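Structure file coords_21.txt (compact mmCIF, C-alpha atoms) is printed below.
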# COMPACT_ATOMS: atom_id res chain seq x y z
CA MET G 144 -33.67 -38.28 -72.40
CA THR G 145 -31.87 -38.85 -75.69
CA ARG G 146 -28.08 -38.68 -75.88
CA SER G 147 -26.09 -38.03 -79.03
CA LEU G 148 -23.02 -40.10 -79.86
CA PRO G 149 -20.49 -39.19 -82.58
CA PRO G 150 -19.20 -42.16 -84.63
CA SER G 151 -15.69 -41.99 -83.11
CA LEU G 152 -17.07 -42.18 -79.57
CA ALA G 153 -19.66 -44.80 -80.54
CA ARG G 154 -16.90 -47.41 -80.88
CA ILE G 155 -15.70 -46.70 -77.34
CA VAL G 156 -19.22 -46.75 -75.89
CA ALA G 157 -19.91 -50.02 -77.73
CA LEU G 158 -16.95 -51.65 -75.94
CA LEU G 159 -18.12 -50.27 -72.59
CA GLU G 160 -21.55 -51.77 -73.30
CA LEU G 161 -19.97 -55.09 -74.30
CA ASP G 162 -17.94 -55.22 -71.07
CA GLN G 163 -21.00 -54.18 -69.02
CA ALA G 164 -18.76 -51.51 -67.50
CA PHE G 165 -19.80 -49.87 -64.25
CA LEU G 166 -16.97 -47.60 -63.10
CA VAL G 167 -14.52 -46.25 -65.65
CA THR G 168 -11.10 -44.68 -65.09
CA MET G 169 -8.92 -42.53 -67.30
CA ALA G 170 -6.69 -45.58 -67.80
CA ASP G 171 -9.72 -47.50 -69.08
CA ILE G 172 -10.49 -44.71 -71.55
CA GLU G 173 -6.89 -44.73 -72.79
CA GLU G 174 -6.98 -48.49 -73.29
CA LEU G 175 -10.25 -48.26 -75.21
CA ARG G 176 -8.87 -45.39 -77.29
CA GLN G 177 -5.96 -47.57 -78.36
CA GLN G 178 -8.19 -50.59 -79.08
CA THR G 179 -10.49 -48.55 -81.31
CA GLY G 180 -7.80 -46.47 -82.98
CA VAL G 181 -9.41 -43.18 -81.97
CA LYS G 182 -6.83 -40.41 -82.26
CA THR G 183 -8.45 -37.98 -79.78
CA ASN G 184 -6.62 -38.05 -76.45
CA ALA G 185 -8.21 -39.84 -73.47
CA LYS G 186 -8.76 -36.66 -71.48
CA LEU G 187 -10.80 -35.07 -74.27
CA ILE G 188 -12.72 -38.32 -74.86
CA SER G 189 -13.71 -38.50 -71.19
CA GLN G 190 -14.77 -34.84 -71.23
CA ARG G 191 -16.96 -35.34 -74.32
CA LEU G 192 -18.55 -38.49 -72.86
CA ARG G 193 -19.28 -36.59 -69.65
CA ASP G 194 -20.78 -33.67 -71.54
CA LEU G 195 -22.98 -36.06 -73.55
CA GLY G 196 -24.20 -37.91 -70.45
CA TRP G 197 -22.43 -41.24 -70.97
CA LEU G 198 -20.05 -40.81 -68.03
CA LEU G 199 -21.42 -39.63 -64.69
CA PRO G 200 -19.18 -37.95 -62.09
CA THR G 201 -18.20 -39.55 -58.80
CA GLU G 202 -16.46 -37.99 -55.81
CA GLN G 203 -13.21 -39.48 -57.09
CA ARG G 204 -11.31 -37.45 -59.65
CA GLY G 205 -10.70 -39.52 -62.77
CA VAL G 206 -13.37 -42.12 -61.99
CA TRP G 207 -16.83 -42.05 -63.58
CA GLU G 208 -19.92 -44.23 -63.68
CA PHE G 209 -20.88 -45.44 -67.14
CA ALA G 210 -24.55 -44.89 -68.01
CA PRO G 211 -25.38 -47.52 -70.68
CA GLY G 212 -27.82 -47.01 -73.52
CA ALA G 213 -30.41 -49.13 -71.73
CA HIS G 214 -30.76 -46.32 -69.18
CA ALA G 215 -32.17 -44.04 -71.88
CA GLY G 216 -30.43 -41.07 -70.33
CA PRO G 217 -27.64 -39.95 -67.97
CA LEU G 218 -28.98 -42.06 -65.09
CA GLY G 219 -26.90 -43.96 -62.55
CA ARG G 220 -27.56 -47.43 -61.19
CA GLY G 221 -28.13 -46.25 -57.62
CA HIS G 222 -25.41 -48.61 -56.39
CA PRO G 223 -25.19 -48.01 -52.61
CA PHE G 224 -21.41 -48.54 -52.50
CA ARG G 225 -20.53 -46.73 -55.72
CA GLU G 226 -18.32 -44.15 -54.04
CA VAL G 227 -16.44 -46.75 -52.01
CA ARG G 228 -15.72 -48.73 -55.16
CA ALA G 229 -14.65 -45.52 -56.90
CA ALA G 230 -12.29 -44.70 -54.02
CA LEU G 231 -10.74 -48.17 -54.25
CA LEU G 232 -10.27 -47.74 -58.00
CA ALA G 233 -8.65 -44.35 -57.50
CA SER G 234 -6.38 -45.64 -54.70
CA PRO G 235 -5.77 -49.39 -55.18
CA GLN G 236 -3.52 -49.50 -52.11
CA LEU G 237 -6.39 -48.31 -49.89
CA SER G 238 -7.95 -50.83 -47.50
CA ALA G 239 -11.55 -49.68 -47.08
CA ASP G 240 -14.23 -52.15 -46.01
CA ILE G 241 -17.99 -51.82 -45.66
CA CYS G 242 -18.75 -52.20 -41.95
CA LEU G 243 -21.34 -51.90 -39.17
CA THR G 244 -24.95 -51.29 -40.29
CA SER G 245 -23.91 -50.99 -43.95
CA ALA G 246 -22.36 -54.46 -43.67
CA LEU G 247 -25.51 -55.77 -41.99
CA TRP G 248 -27.49 -54.46 -44.97
CA ALA G 249 -25.04 -56.05 -47.41
CA HIS G 250 -25.60 -59.40 -45.70
CA GLY G 251 -29.37 -58.92 -45.91
CA LEU G 252 -29.88 -58.44 -42.16
CA VAL G 253 -31.43 -54.95 -42.15
CA ASP G 254 -33.95 -53.48 -44.58
CA ARG G 255 -32.32 -50.11 -45.15
CA ALA G 256 -28.72 -49.12 -45.70
CA PRO G 257 -27.45 -45.92 -44.05
CA GLU G 258 -27.64 -42.86 -46.28
CA HIS G 259 -23.85 -42.72 -46.33
CA PRO G 260 -22.05 -46.09 -46.42
CA GLU G 261 -20.06 -46.91 -43.30
CA VAL G 262 -16.45 -47.73 -44.11
CA ALA G 263 -13.70 -49.10 -41.87
CA LEU G 264 -10.07 -48.17 -42.48
CA PRO G 265 -7.11 -49.67 -40.59
CA THR G 266 -5.97 -47.71 -37.54
CA GLY G 267 -3.66 -44.89 -38.54
CA THR G 268 -4.92 -44.71 -42.13
CA VAL G 269 -5.96 -41.24 -43.25
CA ALA G 270 -9.10 -41.13 -45.37
CA THR G 271 -9.08 -39.00 -48.49
CA ALA G 272 -11.28 -35.90 -48.49
CA SER G 273 -13.43 -37.40 -51.26
CA LEU G 274 -14.05 -40.59 -49.26
CA LYS G 275 -14.95 -38.55 -46.19
CA ARG G 276 -17.52 -36.65 -48.26
CA ALA G 277 -19.06 -39.83 -49.64
CA ALA G 278 -18.94 -42.16 -46.62
CA ARG G 279 -18.88 -42.29 -42.84
CA VAL G 280 -15.35 -43.39 -42.01
CA VAL G 281 -14.34 -45.24 -38.83
CA HIS G 282 -11.17 -47.12 -37.92
CA PHE G 283 -11.03 -50.82 -37.08
CA ASP G 284 -8.39 -53.50 -37.58
CA ARG G 285 -9.90 -56.77 -38.77
CA CYS G 286 -8.24 -60.19 -38.73
CA LEU G 287 -10.51 -62.10 -41.11
CA GLU G 288 -10.68 -61.63 -44.85
CA THR G 289 -13.59 -59.61 -46.18
CA VAL G 290 -16.38 -61.06 -48.30
CA HIS G 291 -17.33 -59.39 -51.57
CA VAL G 292 -20.89 -58.18 -51.97
CA ARG G 293 -21.87 -56.31 -55.14
CA GLY G 294 -18.20 -55.99 -56.00
CA THR G 295 -17.30 -54.34 -52.69
CA PRO G 296 -15.25 -55.67 -49.72
CA VAL G 297 -17.59 -56.19 -46.77
CA HIS G 298 -16.82 -57.28 -43.21
CA ALA G 299 -17.56 -60.95 -42.52
CA PRO G 300 -20.24 -61.66 -39.88
CA ALA G 301 -17.65 -62.48 -37.18
CA THR G 302 -15.84 -59.21 -37.95
CA ILE G 303 -19.05 -57.20 -37.68
CA LEU G 304 -19.78 -58.74 -34.28
CA THR G 305 -16.24 -58.10 -33.03
CA HIS G 306 -16.35 -54.50 -34.27
CA LEU G 307 -19.59 -53.93 -32.34
CA ALA G 308 -17.91 -55.16 -29.16
CA SER G 309 -14.62 -53.37 -29.79
CA ARG G 310 -16.01 -49.92 -30.52
CA PRO G 311 -19.65 -49.60 -29.39
CA SER G 312 -19.52 -45.83 -29.93
CA ASP G 313 -18.99 -46.38 -33.69
CA VAL G 314 -22.61 -47.55 -33.97
CA ARG G 315 -25.14 -44.90 -35.02
CA SER G 316 -28.33 -46.93 -34.39
CA TRP G 317 -28.11 -49.64 -31.77
CA SER G 318 -31.85 -50.27 -32.16
CA ALA G 319 -31.29 -51.41 -35.76
CA VAL G 320 -28.25 -53.46 -34.75
CA LEU G 321 -30.05 -55.24 -31.91
CA GLU G 322 -32.93 -56.09 -34.22
CA ALA G 323 -30.49 -57.76 -36.61
CA LEU G 324 -28.32 -59.34 -33.90
CA PRO G 325 -30.12 -62.74 -33.67
CA GLU G 326 -29.75 -63.35 -37.41
CA LEU G 327 -26.18 -62.03 -37.39
CA LEU G 328 -25.25 -64.46 -34.63
CA GLU G 329 -26.70 -67.33 -36.67
CA LEU G 330 -24.34 -66.44 -39.54
CA VAL G 331 -21.26 -66.25 -37.34
CA ASP G 332 -18.85 -69.17 -37.44
CA THR G 333 -17.54 -69.61 -33.88
CA ASP G 334 -14.04 -70.53 -35.08
CA ASP G 335 -13.98 -67.32 -37.15
CA LEU G 336 -15.14 -65.40 -34.11
CA ARG G 337 -12.35 -66.79 -31.97
CA ARG G 338 -9.81 -65.93 -34.67
CA GLU G 339 -11.18 -62.40 -34.86
CA LEU G 340 -10.96 -62.04 -31.07
CA MET G 341 -7.44 -63.45 -30.85
CA GLY G 342 -4.98 -60.87 -29.52
CA ARG G 343 -7.68 -58.38 -28.54
CA SER G 344 -8.15 -57.14 -25.00
CA ALA G 345 -10.22 -58.87 -22.35
CA ALA G 346 -12.56 -55.87 -22.47
CA VAL G 347 -13.54 -56.70 -26.06
CA ALA G 348 -14.35 -60.32 -25.20
CA THR G 349 -16.29 -59.15 -22.13
CA ARG G 350 -18.38 -56.69 -24.12
CA LEU G 351 -19.06 -59.35 -26.75
CA ALA G 352 -20.13 -61.88 -24.11
CA TYR G 353 -22.40 -59.27 -22.54
CA LEU G 354 -23.90 -58.37 -25.92
CA ILE G 355 -24.81 -61.93 -26.91
CA HIS G 356 -25.53 -63.61 -23.56
CA GLY G 357 -29.31 -63.27 -23.92
CA LEU G 358 -29.16 -65.06 -27.29
CA ASP G 359 -26.39 -67.61 -26.72
CA PRO G 360 -25.51 -67.91 -23.02
CA LYS G 361 -23.23 -70.92 -23.65
CA LEU G 362 -21.07 -69.09 -26.19
CA ALA G 363 -21.06 -65.98 -24.00
CA SER G 364 -19.79 -68.03 -21.07
CA GLU G 365 -17.06 -69.58 -23.23
CA LEU G 366 -15.91 -66.18 -24.52
CA SER G 367 -16.00 -64.33 -21.21
CA PRO G 368 -12.43 -63.93 -19.90
CA GLY G 369 -13.46 -64.34 -16.24
CA ASP G 370 -12.18 -61.99 -13.53
CA HIS G 371 -11.49 -58.47 -14.70
CA GLY G 372 -12.19 -54.92 -13.72
CA LYS G 373 -15.21 -52.90 -14.74
CA VAL G 374 -15.72 -52.75 -18.50
CA TRP G 375 -17.57 -49.86 -20.14
CA PHE G 376 -19.96 -50.57 -22.98
CA GLY G 377 -19.94 -47.15 -24.64
CA PRO G 378 -18.37 -43.88 -23.48
CA ARG G 379 -18.10 -43.22 -19.79
CA GLY G 380 -21.17 -41.36 -18.63
CA PRO G 381 -24.62 -41.86 -17.14
CA LEU G 382 -25.49 -45.56 -17.02
CA LYS G 383 -28.33 -47.22 -18.87
CA ARG G 384 -27.67 -50.28 -16.69
CA HIS G 385 -24.96 -52.22 -14.85
CA ASN G 386 -24.58 -55.94 -15.44
CA GLN G 387 -23.11 -57.74 -12.43
CA MET G 388 -22.53 -61.04 -14.24
CA PHE G 389 -19.98 -59.47 -16.59
CA ASN G 390 -19.20 -56.33 -14.55
CA VAL G 391 -20.21 -54.19 -17.52
CA ALA G 392 -21.28 -50.55 -17.25
CA ASP G 393 -23.60 -50.02 -20.23
CA THR G 394 -24.15 -46.46 -21.41
CA VAL G 395 -25.52 -47.02 -24.93
CA LEU G 396 -27.83 -50.01 -25.45
CA PRO G 397 -31.52 -49.05 -25.62
CA VAL G 398 -32.57 -52.39 -24.02
CA SER G 399 -30.75 -54.94 -21.91
CA PRO G 400 -29.19 -57.82 -23.88
CA ASP G 401 -30.87 -60.14 -21.35
CA LEU G 402 -34.14 -59.49 -23.16
CA LEU G 403 -32.99 -60.23 -26.71
CA GLY G 404 -33.65 -63.96 -26.44
CA GLN G 405 -37.21 -63.21 -25.33
CA ILE G 406 -38.15 -60.85 -28.17

Just dump the structure as C-alpha cells.
Amino acid sequence: MTRSLPPSLARIVALLELDQAFLVTMADIEELRQQTGVKTNAKLISQRLRDLGWLLPTEQRGVWEFAPGAHAGPLGRGHPFREVRAALLASPQLSADICLTSALWAHGLVDRAPEHPEVALPTGTVATASLKRAARVVHFDRCLETVHVRGTPVHAPATILTHLASRPSDVRSWSAVLEALPELLELVDTDDLRRELMGRSAAVATRLAYLIHGLDPKLASELSPGDHGKVWFGPRGPLKRHNQMFNVADTVLPVSPDLLGQI
C-alpha cells in the first residue's frame, strides 16, 4: 500500500525514521515541527499524518504508533505491550507493570502471551478507561524494581512468584503457570525473593512454600512460617485438595504441587 507524503511533512517523517521512532506524542510532533521549521500547527500535522497512514491510533488519546516507510503501508509492529507503553507515555506518573503470564512470556518462559497484556497497578490506583480496554488490570504492590523488556517495565522473577502466592485468583491459567514454574524458579534469586516477601503476611509465605515444595523442598521449608491457621490457596469454596504439611486448602491448582518435581 503506497502512502503519499507532502514535502513539508516529509521532513518530519524523515526525522521520525532517523530516530527509529515507535510511539509518538503530540509533544514529539511539536518538537519536530520546530526543528524542521514547518509552520503548520502540531495538531494539524498529526491529523494529516494519521490520514496518510504514517501515524496509527492507539487507545491513548494523543499517542500514536509510527509506521515507517519500510512497512510499505499503514502497518503496525505488532508489539504485544504497545498499549501499555502508550498509557505510560500518556500518564508518566502511572506505575503500570507487566505481570503474571504476560511477564512469564516476556521472560521467555511461556510460548504465547495472553491476548490482552496483564498489568499490575499499585493498590488503590485507578486504571484509566483506555488502559482497561487495552489490558487486563490487577492490583499488586511489588517491592523489587522492575526489569525492562522491549521497552516495558516487567515484574522480576521473584516478584512474579510472590504475586502468584499473594493473589492466586489473579491467575487466568494455572496450567500455563505450572508448566513454566520450574524454569521460573531457576531464575529467582533467593535473596530477591526474601526481600519481596518481607513485610507480607504469613499466609503469602505459606502459599509460596506450598506452591514450590515439589520443586525445591529445602527452600519451601526455609520460607514456611511454621505454625499458623488454615491458609486458602484461591477463593474459599470446594476443595481441589488439602495439604496437611502446610495446612493449605487449595481450590484452584489443577494438579498438586507435590507432582511438579516428577513431571

Problem set entry | Nearby residues (all atoms listed in the file) at most 7 Å from Arg279 in chain G, same-chain spacing under 4 positions excluded, as a list in words | His259, Pro260, Glu261, Val262 and Lys275 of chain G

For this session: Measure the distance from CA of Asn386 in chain G to CA of Phe283 in chain G in Å and round it to one decimal.
Result: 26.0 Å

With range 149-162 of chain G as the partner and 12 Å as the cut-off, tabulate the residues of range 198-225 of chain G that qualify, each row holding the nearest pair of atoms and their distance in Å to one decimal, using only C-alpha atoms, sorted by chain and rising number, as JSON lines.
{"residue": "G:Leu198", "atom": "CA", "partner": "G:Val156", "partner_atom": "CA", "distance": 9.9}
{"residue": "G:Glu208", "atom": "CA", "partner": "G:Leu159", "partner_atom": "CA", "distance": 10.9}
{"residue": "G:Phe209", "atom": "CA", "partner": "G:Leu159", "partner_atom": "CA", "distance": 7.8}
{"residue": "G:Ala210", "atom": "CA", "partner": "G:Glu160", "partner_atom": "CA", "distance": 9.2}
{"residue": "G:Pro211", "atom": "CA", "partner": "G:Glu160", "partner_atom": "CA", "distance": 6.3}
{"residue": "G:Gly212", "atom": "CA", "partner": "G:Glu160", "partner_atom": "CA", "distance": 7.9}
{"residue": "G:Ala213", "atom": "CA", "partner": "G:Glu160", "partner_atom": "CA", "distance": 9.4}
{"residue": "G:His214", "atom": "CA", "partner": "G:Glu160", "partner_atom": "CA", "distance": 11.5}

For this session: For each of G:Leu175, G:Ala246, G:Leu362, G:Ala239, take the minimum atom-to-atom distance to Thr266 in chain G, counting all atoms listed in the file, then give the residue where this is smallest.
Result: G:Ala239

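Between Ala299 in chain G and the candidates G:Glu339, G:Glu174, G:Glu326, G:Asp359, the tightest atom-to-atom separation, counting all atoms listed in the file, involves G:Glu339.
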
Exercise. In terms of the shortest atom-to-atom distance over only C-alpha atoms, which of G:Leu304, G:Gln387, G:Leu336, G:Leu382 is closest to Leu354 in chain G?
Worked result: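 Looking at the shortest contact to Leu354 in chain G, the residue is G:Leu304.
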
For this session: Check the smallest atom-to-atom distance from each of G:Ala249, G:Val206, G:Leu358, G:Ala301 to Val331 in chain G using only C-alpha atoms, then report the winner.
Result: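 Looking at the shortest contact to Val331 in chain G, the residue is G:Ala301.
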
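Between CA of Lys383 in chain G and CA of His371 in chain G the separation is 20.7 Å.
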
Exercise. With all atoms listed in the file as the basis for distance, which of G:Leu252, G:Arg146, G:Pro296, G:Thr349 is at the shortest distance from Ala215 in chain G?
Worked result: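 Of G:Leu252, G:Arg146, G:Pro296, G:Thr349, the one nearest Ala215 in chain G, counting all atoms listed in the file, is G:Arg146.
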
Problem set entry | Pick from G:Cys242, G:Met169, G:Val269, G:Ala323 nearest to Arg285 in chain G, counting all atoms listed in the file |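 Once distances to Arg285 in chain G are computed over all atoms listed in the file, the minimum belongs to G:Cys242.
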
Problem set entry | Spatial neighbours of range 363-367 of chain G, 10 Å, only C-alpha atoms, chain gap at least 3 places, as a list of chain:residue names |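 Here the answer would be G:Leu336, G:Arg337, G:Leu340, G:Ala345, G:Ala346, G:Val347, G:Ala348, G:Thr349, G:Arg350, G:Leu351, G:Ala352, G:Tyr353, G:Leu354, G:Ile355, G:His356, G:Gly357, G:Leu358, G:Asp359, G:Pro360, G:Asp370, G:His371, G:Phe389.
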
Write out the residues from the selection above, keeping C-alpha atoms, as a PDB file, keeping the file's coordinate frame.
ATOM      1  CA  LEU G 336     -15.140 -65.400 -34.110  1.00  0.00           C
ATOM      2  CA  ARG G 337     -12.350 -66.790 -31.970  1.00  0.00           C
ATOM      3  CA  LEU G 340     -10.960 -62.040 -31.070  1.00  0.00           C
ATOM      4  CA  ALA G 345     -10.220 -58.870 -22.350  1.00  0.00           C
ATOM      5  CA  ALA G 346     -12.560 -55.870 -22.470  1.00  0.00           C
ATOM      6  CA  VAL G 347     -13.540 -56.700 -26.060  1.00  0.00           C
ATOM      7  CA  ALA G 348     -14.350 -60.320 -25.200  1.00  0.00           C
ATOM      8  CA  THR G 349     -16.290 -59.150 -22.130  1.00  0.00           C
ATOM      9  CA  ARG G 350     -18.380 -56.690 -24.120  1.00  0.00           C
ATOM     10  CA  LEU G 351     -19.060 -59.350 -26.750  1.00  0.00           C
ATOM     11  CA  ALA G 352     -20.130 -61.880 -24.110  1.00  0.00           C
ATOM     12  CA  TYR G 353     -22.400 -59.270 -22.540  1.00  0.00           C
ATOM     13  CA  LEU G 354     -23.900 -58.370 -25.920  1.00  0.00           C
ATOM     14  CA  ILE G 355     -24.810 -61.930 -26.910  1.00  0.00           C
ATOM     15  CA  HIS G 356     -25.530 -63.610 -23.560  1.00  0.00           C
ATOM     16  CA  GLY G 357     -29.310 -63.270 -23.920  1.00  0.00           C
ATOM     17  CA  LEU G 358     -29.160 -65.060 -27.290  1.00  0.00           C
ATOM     18  CA  ASP G 359     -26.390 -67.610 -26.720  1.00  0.00           C
ATOM     19  CA  PRO G 360     -25.510 -67.910 -23.020  1.00  0.00           C
ATOM     20  CA  ASP G 370     -12.180 -61.990 -13.530  1.00  0.00           C
ATOM     21  CA  HIS G 371     -11.490 -58.470 -14.700  1.00  0.00           C
ATOM     22  CA  PHE G 389     -19.980 -59.470 -16.590  1.00  0.00           C
TER      23      PHE G 389
END

For this session: Mind giving me the straight-line distance from CA of Ser238 in chain G to CA of Ala277 in chain G in Å, one decimal?
Result: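 These two atoms are separated by 15.8 Å.
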
Spatial neighbours of Trp207 in chain G, max dist 9 Å, all atoms listed in the file, sep filter under 4 positions, as a PDB file with C-alpha atoms, in the frame of the given file:
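Result file is selection.pdb:
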ATOM      1  CA  PHE G 165     -19.800 -49.870 -64.250  1.00  0.00           C
ATOM      2  CA  LEU G 166     -16.970 -47.600 -63.100  1.00  0.00           C
ATOM      3  CA  VAL G 167     -14.520 -46.250 -65.650  1.00  0.00           C
ATOM      4  CA  THR G 168     -11.100 -44.680 -65.090  1.00  0.00           C
ATOM      5  CA  MET G 169      -8.920 -42.530 -67.300  1.00  0.00           C
ATOM      6  CA  SER G 189     -13.710 -38.500 -71.190  1.00  0.00           C
ATOM      7  CA  ARG G 193     -19.280 -36.590 -69.650  1.00  0.00           C
ATOM      8  CA  LEU G 198     -20.050 -40.810 -68.030  1.00  0.00           C
ATOM      9  CA  LEU G 199     -21.420 -39.630 -64.690  1.00  0.00           C
ATOM     10  CA  PRO G 200     -19.180 -37.950 -62.090  1.00  0.00           C
ATOM     11  CA  THR G 201     -18.200 -39.550 -58.800  1.00  0.00           C
ATOM     12  CA  GLU G 202     -16.460 -37.990 -55.810  1.00  0.00           C
ATOM     13  CA  GLN G 203     -13.210 -39.480 -57.090  1.00  0.00           C
ATOM     14  CA  ALA G 229     -14.650 -45.520 -56.900  1.00  0.00           C
TER      15      ALA G 229
END

For this session: Name all residues at most 12 Å from Asp254 in chain G (count all atoms listed in the file; drop same-chain ones fewer than 5 positions away) and give them as a count of residues only.
Result: 10

Give me range 300-308 of chain G with all heavy atoms filled in, as a JSON list (two decimals), in the frame of the given file.
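Written file, rebuild.json:
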[["chain", "number", "residue", "atom", "x", "y", "z"],
["G", 300, "PRO", "N", -19.38, -61.73, -41.08],
["G", 300, "PRO", "CA", -20.24, -61.66, -39.88],
["G", 300, "PRO", "C", -19.46, -61.63, -38.57],
["G", 300, "PRO", "O", -19.78, -60.84, -37.67],
["G", 300, "PRO", "CB", -21.10, -62.93, -40.01],
["G", 300, "PRO", "CG", -21.23, -63.13, -41.49],
["G", 300, "PRO", "CD", -19.89, -62.74, -42.04],
["G", 301, "ALA", "N", -18.42, -62.47, -38.43],
["G", 301, "ALA", "CA", -17.65, -62.48, -37.18],
["G", 301, "ALA", "C", -16.93, -61.15, -36.97],
["G", 301, "ALA", "O", -16.75, -60.70, -35.83],
["G", 301, "ALA", "CB", -16.66, -63.63, -37.18],
["G", 302, "THR", "N", -16.50, -60.51, -38.06],
["G", 302, "THR", "CA", -15.84, -59.21, -37.95],
["G", 302, "THR", "C", -16.82, -58.14, -37.52],
["G", 302, "THR", "O", -16.50, -57.28, -36.69],
["G", 302, "THR", "CB", -15.18, -58.84, -39.29],
["G", 302, "THR", "OG1", -14.32, -59.89, -39.71],
["G", 302, "THR", "CG2", -14.38, -57.55, -39.16],
["G", 303, "ILE", "N", -18.03, -58.18, -38.09],
["G", 303, "ILE", "CA", -19.05, -57.20, -37.68],
["G", 303, "ILE", "C", -19.30, -57.31, -36.18],
["G", 303, "ILE", "O", -19.31, -56.30, -35.46],
["G", 303, "ILE", "CB", -20.37, -57.44, -38.44],
["G", 303, "ILE", "CG1", -20.18, -57.33, -39.94],
["G", 303, "ILE", "CG2", -21.44, -56.45, -37.96],
["G", 303, "ILE", "CD1", -21.40, -57.78, -40.74],
["G", 304, "LEU", "N", -19.48, -58.52, -35.70],
["G", 304, "LEU", "CA", -19.78, -58.74, -34.28],
["G", 304, "LEU", "C", -18.63, -58.26, -33.40],
["G", 304, "LEU", "O", -18.85, -57.61, -32.36],
["G", 304, "LEU", "CB", -20.07, -60.22, -34.05],
["G", 304, "LEU", "CG", -20.71, -60.61, -32.71],
["G", 304, "LEU", "CD1", -22.02, -59.87, -32.49],
["G", 304, "LEU", "CD2", -20.94, -62.12, -32.66],
["G", 305, "THR", "N", -17.41, -58.53, -33.80],
["G", 305, "THR", "CA", -16.24, -58.10, -33.03],
["G", 305, "THR", "C", -16.10, -56.58, -33.05],
["G", 305, "THR", "O", -15.74, -55.98, -32.03],
["G", 305, "THR", "CB", -14.97, -58.77, -33.57],
["G", 305, "THR", "OG1", -15.15, -60.19, -33.57],
["G", 305, "THR", "CG2", -13.76, -58.41, -32.73],
["G", 306, "HIS", "N", -16.40, -55.96, -34.18],
["G", 306, "HIS", "CA", -16.35, -54.50, -34.27],
["G", 306, "HIS", "C", -17.37, -53.88, -33.30],
["G", 306, "HIS", "O", -17.06, -52.90, -32.61],
["G", 306, "HIS", "CB", -16.63, -54.07, -35.71],
["G", 306, "HIS", "CG", -16.39, -52.62, -35.96],
["G", 306, "HIS", "ND1", -16.47, -52.06, -37.23],
["G", 306, "HIS", "CD2", -16.11, -51.57, -35.13],
["G", 306, "HIS", "CE1", -16.23, -50.77, -37.16],
["G", 306, "HIS", "NE2", -16.02, -50.44, -35.90],
["G", 307, "LEU", "N", -18.56, -54.45, -33.25],
["G", 307, "LEU", "CA", -19.59, -53.93, -32.34],
["G", 307, "LEU", "C", -19.10, -53.95, -30.90],
["G", 307, "LEU", "O", -19.35, -53.01, -30.13],
["G", 307, "LEU", "CB", -20.87, -54.77, -32.46],
["G", 307, "LEU", "CG", -21.60, -54.76, -33.80],
["G", 307, "LEU", "CD1", -22.75, -55.76, -33.77],
["G", 307, "LEU", "CD2", -22.11, -53.37, -34.14],
["G", 308, "ALA", "N", -18.40, -55.03, -30.54],
["G", 308, "ALA", "CA", -17.91, -55.16, -29.16],
["G", 308, "ALA", "C", -16.65, -54.34, -28.91],
["G", 308, "ALA", "O", -16.39, -53.92, -27.77],
["G", 308, "ALA", "CB", -17.64, -56.63, -28.85]]
